[in-house]
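Peer 1: See query31.csv below, with CSV, C-alpha atoms.
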chain,number,residue,atom,x,y,z
S,279,MET,CA,144.8,152.8,-69.9
S,280,ALA,CA,145.9,156.4,-70.4
S,281,PRO,CA,148.7,158.6,-69.3
S,282,ILE,CA,148.7,160.4,-65.9
S,283,SER,CA,150.8,163.5,-65.6
S,284,ILE,CA,151.7,164.8,-62.1
S,285,GLY,CA,153.3,168.2,-61.6
S,286,HIS,CA,155.8,169.4,-59.0
S,287,ASN,CA,155.0,169.5,-55.3
S,288,VAL,CA,151.8,167.5,-55.5
S,289,LEU,CA,150.6,166.1,-52.2
S,290,PHE,CA,148.6,162.8,-52.0
S,291,GLY,CA,146.6,161.8,-49.0
S,292,PRO,CA,145.9,158.1,-48.3
S,293,ASN,CA,143.8,156.1,-50.7
S,294,VAL,CA,143.7,158.5,-53.6
S,295,SER,CA,142.4,156.9,-56.8
S,296,LEU,CA,143.4,158.1,-60.3
S,297,LEU,CA,141.1,156.3,-62.7
S,298,THR,CA,141.8,156.6,-66.4
S,299,ALA,CA,139.7,153.7,-67.7
S,300,GLY,CA,136.3,154.0,-69.2
S,301,HIS,CA,133.8,151.5,-70.6
S,302,PRO,CA,130.9,151.6,-73.1
S,303,LEU,CA,127.5,152.2,-71.7
S,304,ASP,CA,126.1,149.6,-74.1
S,305,PHE,CA,126.3,146.3,-72.3
S,306,GLU,CA,126.7,144.2,-75.4
S,307,ILE,CA,129.8,146.2,-76.5
S,308,ARG,CA,131.1,146.3,-72.9
S,309,ASN,CA,130.7,142.6,-72.6
S,310,GLU,CA,132.9,142.2,-75.7
S,311,GLY,CA,135.7,143.7,-73.6
S,312,LEU,CA,135.9,147.1,-75.3
S,313,ASP,CA,137.2,149.8,-73.1
S,314,PHE,CA,139.1,153.1,-73.5
S,315,GLY,CA,141.2,155.5,-71.5
S,316,LEU,CA,141.3,159.2,-70.9
S,317,PRO,CA,144.4,161.0,-69.5
S,318,ILE,CA,144.5,162.7,-66.1
S,319,THR,CA,146.6,165.9,-65.6
S,320,ILE,CA,147.5,167.2,-62.2
S,321,LYS,CA,149.3,170.5,-62.3
S,322,ASP,CA,151.9,171.9,-59.8
S,323,ASN,CA,151.3,172.5,-56.1
S,324,VAL,CA,148.0,170.5,-55.9
S,325,TRP,CA,146.9,168.8,-52.7
S,326,LEU,CA,144.6,165.8,-52.9
S,327,GLY,CA,143.1,164.8,-49.5
S,328,GLY,CA,142.5,161.3,-48.4
S,329,ASN,CA,140.1,159.1,-50.4
S,330,VAL,CA,139.9,161.5,-53.3
S,331,THR,CA,138.8,159.9,-56.6
S,332,ILE,CA,139.8,161.5,-59.9
S,333,ASN,CA,137.8,160.3,-62.9
S,334,PRO,CA,139.0,159.8,-66.5
S,335,GLY,CA,139.9,162.9,-68.6
S,336,ILE,CA,140.3,165.3,-65.7
S,337,THR,CA,142.7,168.2,-65.5
S,338,ILE,CA,143.3,169.8,-62.0
S,339,GLY,CA,144.7,173.3,-62.2
S,340,GLU,CA,147.7,174.7,-60.3
S,341,ASN,CA,147.5,175.2,-56.5
S,342,ALA,CA,144.1,173.5,-56.2
S,343,VAL,CA,143.1,171.8,-52.9
S,344,ILE,CA,140.8,168.8,-53.2
S,345,GLY,CA,139.1,167.9,-49.9
S,346,SER,CA,139.0,164.4,-48.5
S,347,GLY,CA,136.5,162.1,-50.0
S,348,THR,CA,135.9,164.3,-53.1
S,349,VAL,CA,134.9,162.7,-56.4
S,350,VAL,CA,136.3,164.9,-59.2
S,351,THR,CA,134.1,164.6,-62.3
S,352,LYS,CA,135.0,167.9,-64.1
S,353,ASP,CA,138.1,169.9,-64.7
S,354,ILE,CA,139.2,172.0,-61.8
S,355,PRO,CA,140.4,175.6,-62.2
S,356,ALA,CA,143.7,176.8,-60.7
S,357,ASN,CA,143.6,178.1,-57.1
S,358,SER,CA,140.3,176.3,-56.3
S,359,ILE,CA,139.1,174.6,-53.2
S,360,VAL,CA,136.9,171.6,-54.2
S,361,VAL,CA,134.8,169.3,-52.0
S,362,GLY,CA,132.0,166.8,-52.3
S,363,ASN,CA,130.5,164.1,-54.4
S,364,PRO,CA,130.5,165.2,-57.1
S,365,GLY,CA,133.2,167.7,-56.4
S,366,ARG,CA,132.3,171.4,-56.6
S,367,VAL,CA,134.4,174.5,-56.3
S,368,ILE,CA,133.5,176.2,-53.0
S,369,ARG,CA,135.9,179.1,-53.4
S,370,GLN,CA,139.1,180.4,-54.8
S,371,ILE,CA,142.4,180.5,-52.8
S,372,ASN,CA,143.3,184.1,-52.6
S,373,GLN,CA,145.8,186.6,-51.1
S,374,ALA,CA,144.0,186.7,-47.8
S,375,ASP,CA,144.8,182.9,-47.4
S,376,HIS,CA,148.4,183.7,-48.0
S,377,HIS,CA,148.4,186.4,-45.3
S,378,ILE,CA,146.6,184.1,-42.8
S,379,TRP,CA,149.1,181.3,-43.4
S,380,GLN,CA,152.1,183.6,-43.2
S,381,ALA,CA,150.8,184.7,-39.7
S,382,LYS,CA,150.2,181.2,-38.6
S,383,LYS,CA,153.7,180.2,-39.7
S,384,ALA,CA,155.2,183.2,-37.7
S,385,GLU,CA,153.1,182.2,-34.7
S,386,TYR,CA,154.3,178.6,-34.8
S,387,LEU,CA,158.0,179.6,-35.3
S,388,ASN,CA,157.7,182.1,-32.4
S,389,SER,CA,156.2,179.5,-30.1
S,390,ARG,CA,158.7,176.9,-31.1
S,391,PHE,CA,161.9,178.9,-31.3
S,392,GLY,CA,161.2,182.3,-29.7
S,393,ALA,CA,161.1,185.6,-31.5
S,394,VAL,CA,162.1,185.1,-35.2
Reformat the file's structure so that it appears as structure tokens.

Peer 2:
Amino acid sequence: MAPISIGHNVLFGPNVSLLTAGHPLDFEIRNEGLDFGLPITIKDNVWLGGNVTINPGITIGENAVIGSGTVVTKDIPANSIVVGNPGRVIRQINQADHHIWQAKKAEYLNSRFGAV
């Protein structure tokens, strides 16, 4: 119904739904078969967990993480963690997250391959 734009390094969990179609609220017009589409844009480095649903007309900003089962009904800012139905931003991804994951990476490499 409408274009879907997916950036670089986007991860999709199982059963992700990208829904671009919309339908009139008026049943008489809807019964005549009128429908429309709104585009979806997913920017770079986004991670969509399993069973995420993205509704029509949504843009998801760079580096966002969308938790499993989330229904996205509004645009998502860059560097956000979003969960729930409807999806809501619970916090921003920040420099502390970077440091935590760098340490976890070093710990993993050290346990797997010895001092790195």

Peer 1: Could you give me, as a list of chain:residue names, the residues within 8 Å of Gly291 in chain S, counting all atoms listed in the file and dropping anything in the same chain fewer than 6 positions from it?

Peer 2: S:Trp325, S:Leu326, S:Gly327, S:Gly328, S:Asn329, S:Val330

Peer 1: Might you pull out every residue within 12 Å of Gly345 in chain S, with only C-alpha atoms counted and same-chain residues fewer than 3 positions away left off, and present them as a list of chain:residue names?

Peer 2: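 Once the nearby chain positions are removed, what remains is S:Leu289, S:Phe290, S:Gly291, S:Val294, S:Val324, S:Trp325, S:Leu326, S:Gly327, S:Gly328, S:Asn329, S:Val330, S:Thr331, S:Ile332, S:Ala342, S:Thr348, S:Val349, S:Val350, S:Ser358, S:Ile359, S:Val360, S:Val361, S:Gly362, S:Asn363, S:Pro364, S:Gly365, S:Arg366, S:Val367, S:Ile368.
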
Peer 1: Got a sec: who's within 8 Å of Pro355 in chain S, counting only C-alpha atoms, leaving out chain neighbours fewer than 6 positions off, as a list in words?

Peer 2: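 Near neighbours after the sequence-gap exclusion: Ile338, Gly339, Glu340 and Ala342 of chain S.
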
Peer 1: Could you save the residues just selected, with C-alpha atoms, as a PDB file, in the coordinates of the input?

Peer 2:
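Full text of again_1.pdb as output:
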ATOM      1  CA  ILE S 338     143.300 169.800 -62.000  1.00  0.00           C
ATOM      2  CA  GLY S 339     144.700 173.300 -62.200  1.00  0.00           C
ATOM      3  CA  GLU S 340     147.700 174.700 -60.300  1.00  0.00           C
ATOM      4  CA  ALA S 342     144.100 173.500 -56.200  1.00  0.00           C
TER       5      ALA S 342
END

Peer 1: So which one's closest to Gln370 in chain S, S:Val343, S:Ala299, S:Thr351, S:Ser389? Using only C-alpha atoms, please.

Peer 2: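 Of S:Val343, S:Ala299, S:Thr351, S:Ser389, the one nearest Gln370 in chain S, counting only C-alpha atoms, is S:Val343.
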
Peer 1: What lies within 8 Å of Thr319 in chain S using all atoms listed in the file, ignoring chain neighbours under 5 positions off, as a ChimeraX atom specification?

Peer 2: /S:282-284,335-338

Peer 1: What gap, in Å, lies between CA of Leu303 in chain S and CA of Leu316 in chain S?

Peer 2: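 Value for the CA of Leu303 in chain S-CA of Leu316 in chain S distance: 15.5 Å.
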
Peer 1: How far is it from CA of Arg369 in chain S to CA of Ala356 in chain S, in Å with one decimal?

Peer 2: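 Computed distance, CA of Arg369 in chain S to CA of Ala356 in chain S, equals 10.9 Å.
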
Peer 1: Would you give the centre and edge lengths, in Å to one decimal, of a box along x, y and z around the listed atoms of range 343-360 of chain S, with 5 Å added to each side, as AutoDock Vina command-line options?

Peer 2:
--center_x 138.9 --center_y 170.1 --center_z -56.6 --size_x 19.6 --size_y 26.0 --size_z 26.2

Peer 1: Can you work out the spacing between CA of Pro292 in chain S and CA of Trp379 in chain S in Å, to one decimal?

Peer 2: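 CA of Pro292 in chain S sits 23.9 Å away from CA of Trp379 in chain S.
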
Peer 1: Of the candidates S:Met279, S:His376, S:Asp322, S:Asn357, which one gets nearest to Thr298 in chain S if we count all atoms listed in the file?

Peer 2: S:Met279

Peer 1: For each of S:Leu296, S:Asn341, S:Ala280, S:Asn333, take the minimum atom-to-atom distance to Asp313 in chain S, counting all atoms listed in the file, then give the residue where this is smallest.

Peer 2: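 Closest residue, counting all atoms listed in the file: S:Ala280.
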
Peer 1: What would chain S look like if you wrote it out as a tab-separated table (two decimals), in the first residue's frame, with C-alpha atoms included, from the block I just posted?

Peer 2:
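Generated output (selection.tsv):
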chain	number	residue	atom	x	y	z
S	279	MET	CA	0.00	0.00	0.00
S	280	ALA	CA	2.87	2.39	0.76
S	281	PRO	CA	6.67	2.32	0.73
S	282	ILE	CA	8.71	0.85	3.57
S	283	SER	CA	12.24	2.21	3.96
S	284	ILE	CA	14.71	0.17	6.03
S	285	GLY	CA	18.13	1.57	6.96
S	286	HIS	CA	21.45	-0.19	7.40
S	287	ASN	CA	22.12	-2.73	10.16
S	288	VAL	CA	18.47	-3.17	11.15
S	289	LEU	CA	17.70	-6.33	13.16
S	290	PHE	CA	14.28	-8.00	12.97
S	291	GLY	CA	13.09	-10.53	15.55
S	292	PRO	CA	10.57	-13.20	14.51
S	293	ASN	CA	7.02	-12.23	13.54
S	294	VAL	CA	7.63	-8.50	13.10
S	295	SER	CA	4.72	-6.82	11.28
S	296	LEU	CA	5.15	-3.66	9.19
S	297	LEU	CA	1.62	-2.45	8.42
S	298	THR	CA	1.19	0.36	5.91
S	299	ALA	CA	-2.51	-0.06	5.05
S	300	GLY	CA	-5.28	2.03	6.58
S	301	HIS	CA	-9.03	2.00	6.14
S	302	PRO	CA	-11.80	4.58	6.57
S	303	LEU	CA	-13.59	4.66	9.91
S	304	ASP	CA	-16.92	5.16	8.14
S	305	PHE	CA	-18.20	1.64	7.43
S	306	GLU	CA	-20.12	2.61	4.28
S	307	ILE	CA	-17.00	4.03	2.63
S	308	ARG	CA	-14.88	1.15	3.99
S	309	ASN	CA	-17.38	-1.36	2.56
S	310	GLU	CA	-16.91	0.25	-0.85
S	311	GLY	CA	-13.31	-0.96	-0.71
S	312	LEU	CA	-11.59	2.39	-0.16
S	313	ASP	CA	-8.28	2.10	1.63
S	314	PHE	CA	-5.05	4.05	1.80
S	315	GLY	CA	-1.43	3.58	2.77
S	316	LEU	CA	1.08	5.51	4.85
S	317	PRO	CA	4.83	4.90	4.59
S	318	ILE	CA	7.03	3.37	7.29
S	319	THR	CA	10.63	4.51	7.76
S	320	ILE	CA	13.09	2.57	9.90
S	321	LYS	CA	16.44	4.36	10.26
S	322	ASP	CA	19.92	2.81	10.70
S	323	ASN	CA	20.90	0.49	13.56
S	324	VAL	CA	17.37	-0.21	14.81
S	325	TRP	CA	16.55	-3.47	16.62
S	326	LEU	CA	12.95	-4.70	16.48
S	327	GLY	CA	12.27	-7.52	18.95
S	328	GLY	CA	9.98	-10.46	18.26
S	329	ASN	CA	6.29	-9.81	17.59
S	330	VAL	CA	6.72	-6.05	17.17
S	331	THR	CA	3.99	-4.31	15.18
S	332	ILE	CA	4.72	-1.04	13.37
S	333	ASN	CA	1.57	0.86	12.36
S	334	PRO	CA	1.13	3.00	9.22
S	335	GLY	CA	2.95	6.31	8.92
S	336	ILE	CA	5.61	5.60	11.57
S	337	THR	CA	9.26	6.68	11.54
S	338	ILE	CA	11.68	4.96	13.91
S	339	GLY	CA	14.82	6.98	14.64
S	340	GLU	CA	18.42	5.76	14.47
S	341	ASN	CA	19.71	3.31	17.07
S	342	ALA	CA	16.28	2.69	18.65
S	343	VAL	CA	15.48	-0.61	20.35
S	344	ILE	CA	11.86	-1.76	20.23
S	345	GLY	CA	11.07	-4.44	22.83
S	346	SER	CA	9.31	-7.71	22.04
S	347	GLY	CA	5.55	-7.44	21.63
S	348	THR	CA	5.54	-3.65	21.31
S	349	VAL	CA	2.88	-1.99	19.16
S	350	VAL	CA	4.33	1.23	17.73
S	351	THR	CA	1.63	3.86	17.22
S	352	LYS	CA	3.77	7.04	17.21
S	353	ASP	CA	7.11	8.11	15.75
S	354	ILE	CA	10.07	6.98	17.84
S	355	PRO	CA	12.98	9.33	18.57
S	356	ALA	CA	16.56	8.24	17.88
S	357	ASN	CA	18.41	6.36	20.65
S	358	SER	CA	15.20	5.33	22.44
S	359	ILE	CA	14.16	2.12	24.16
S	360	VAL	CA	10.46	1.51	23.55
S	361	VAL	CA	8.15	-1.12	25.08
S	362	GLY	CA	4.47	-1.85	25.55
S	363	ASN	CA	1.10	-1.64	23.87
S	364	PRO	CA	0.93	1.09	22.87
S	365	GLY	CA	4.70	1.51	22.72
S	366	ARG	CA	6.19	4.16	24.97
S	367	VAL	CA	9.73	5.41	25.39
S	368	ILE	CA	11.08	4.18	28.71
S	369	ARG	CA	14.51	5.79	28.39
S	370	GLN	CA	17.23	6.97	26.06
S	371	ILE	CA	20.25	4.86	25.17
S	372	ASN	CA	23.29	6.75	26.48
S	373	GLN	CA	27.06	6.69	26.94
S	374	ALA	CA	26.72	4.56	30.11
S	375	ASP	CA	25.14	1.81	27.96
S	376	HIS	CA	28.13	2.00	25.64
S	377	HIS	CA	30.56	1.56	28.55
S	378	ILE	CA	28.56	-1.34	30.03
S	379	TRP	CA	28.52	-3.21	26.72
S	380	GLN	CA	32.20	-2.54	26.04
S	381	ALA	CA	32.98	-4.11	29.44
S	382	LYS	CA	30.71	-7.10	28.74
S	383	LYS	CA	32.39	-7.59	25.37
S	384	ALA	CA	35.85	-7.55	26.99
S	385	GLU	CA	34.68	-10.00	29.68
S	386	TYR	CA	33.30	-12.34	27.03
S	387	LEU	CA	36.44	-12.19	24.89
S	388	ASN	CA	38.62	-12.73	27.94
S	389	SER	CA	36.63	-15.78	29.08
S	390	ARG	CA	36.58	-17.19	25.56
S	391	PHE	CA	40.08	-16.42	24.31
S	392	GLY	CA	42.13	-15.41	27.36
S	393	ALA	CA	43.51	-11.94	27.98
S	394	VAL	CA	42.82	-9.68	25.00
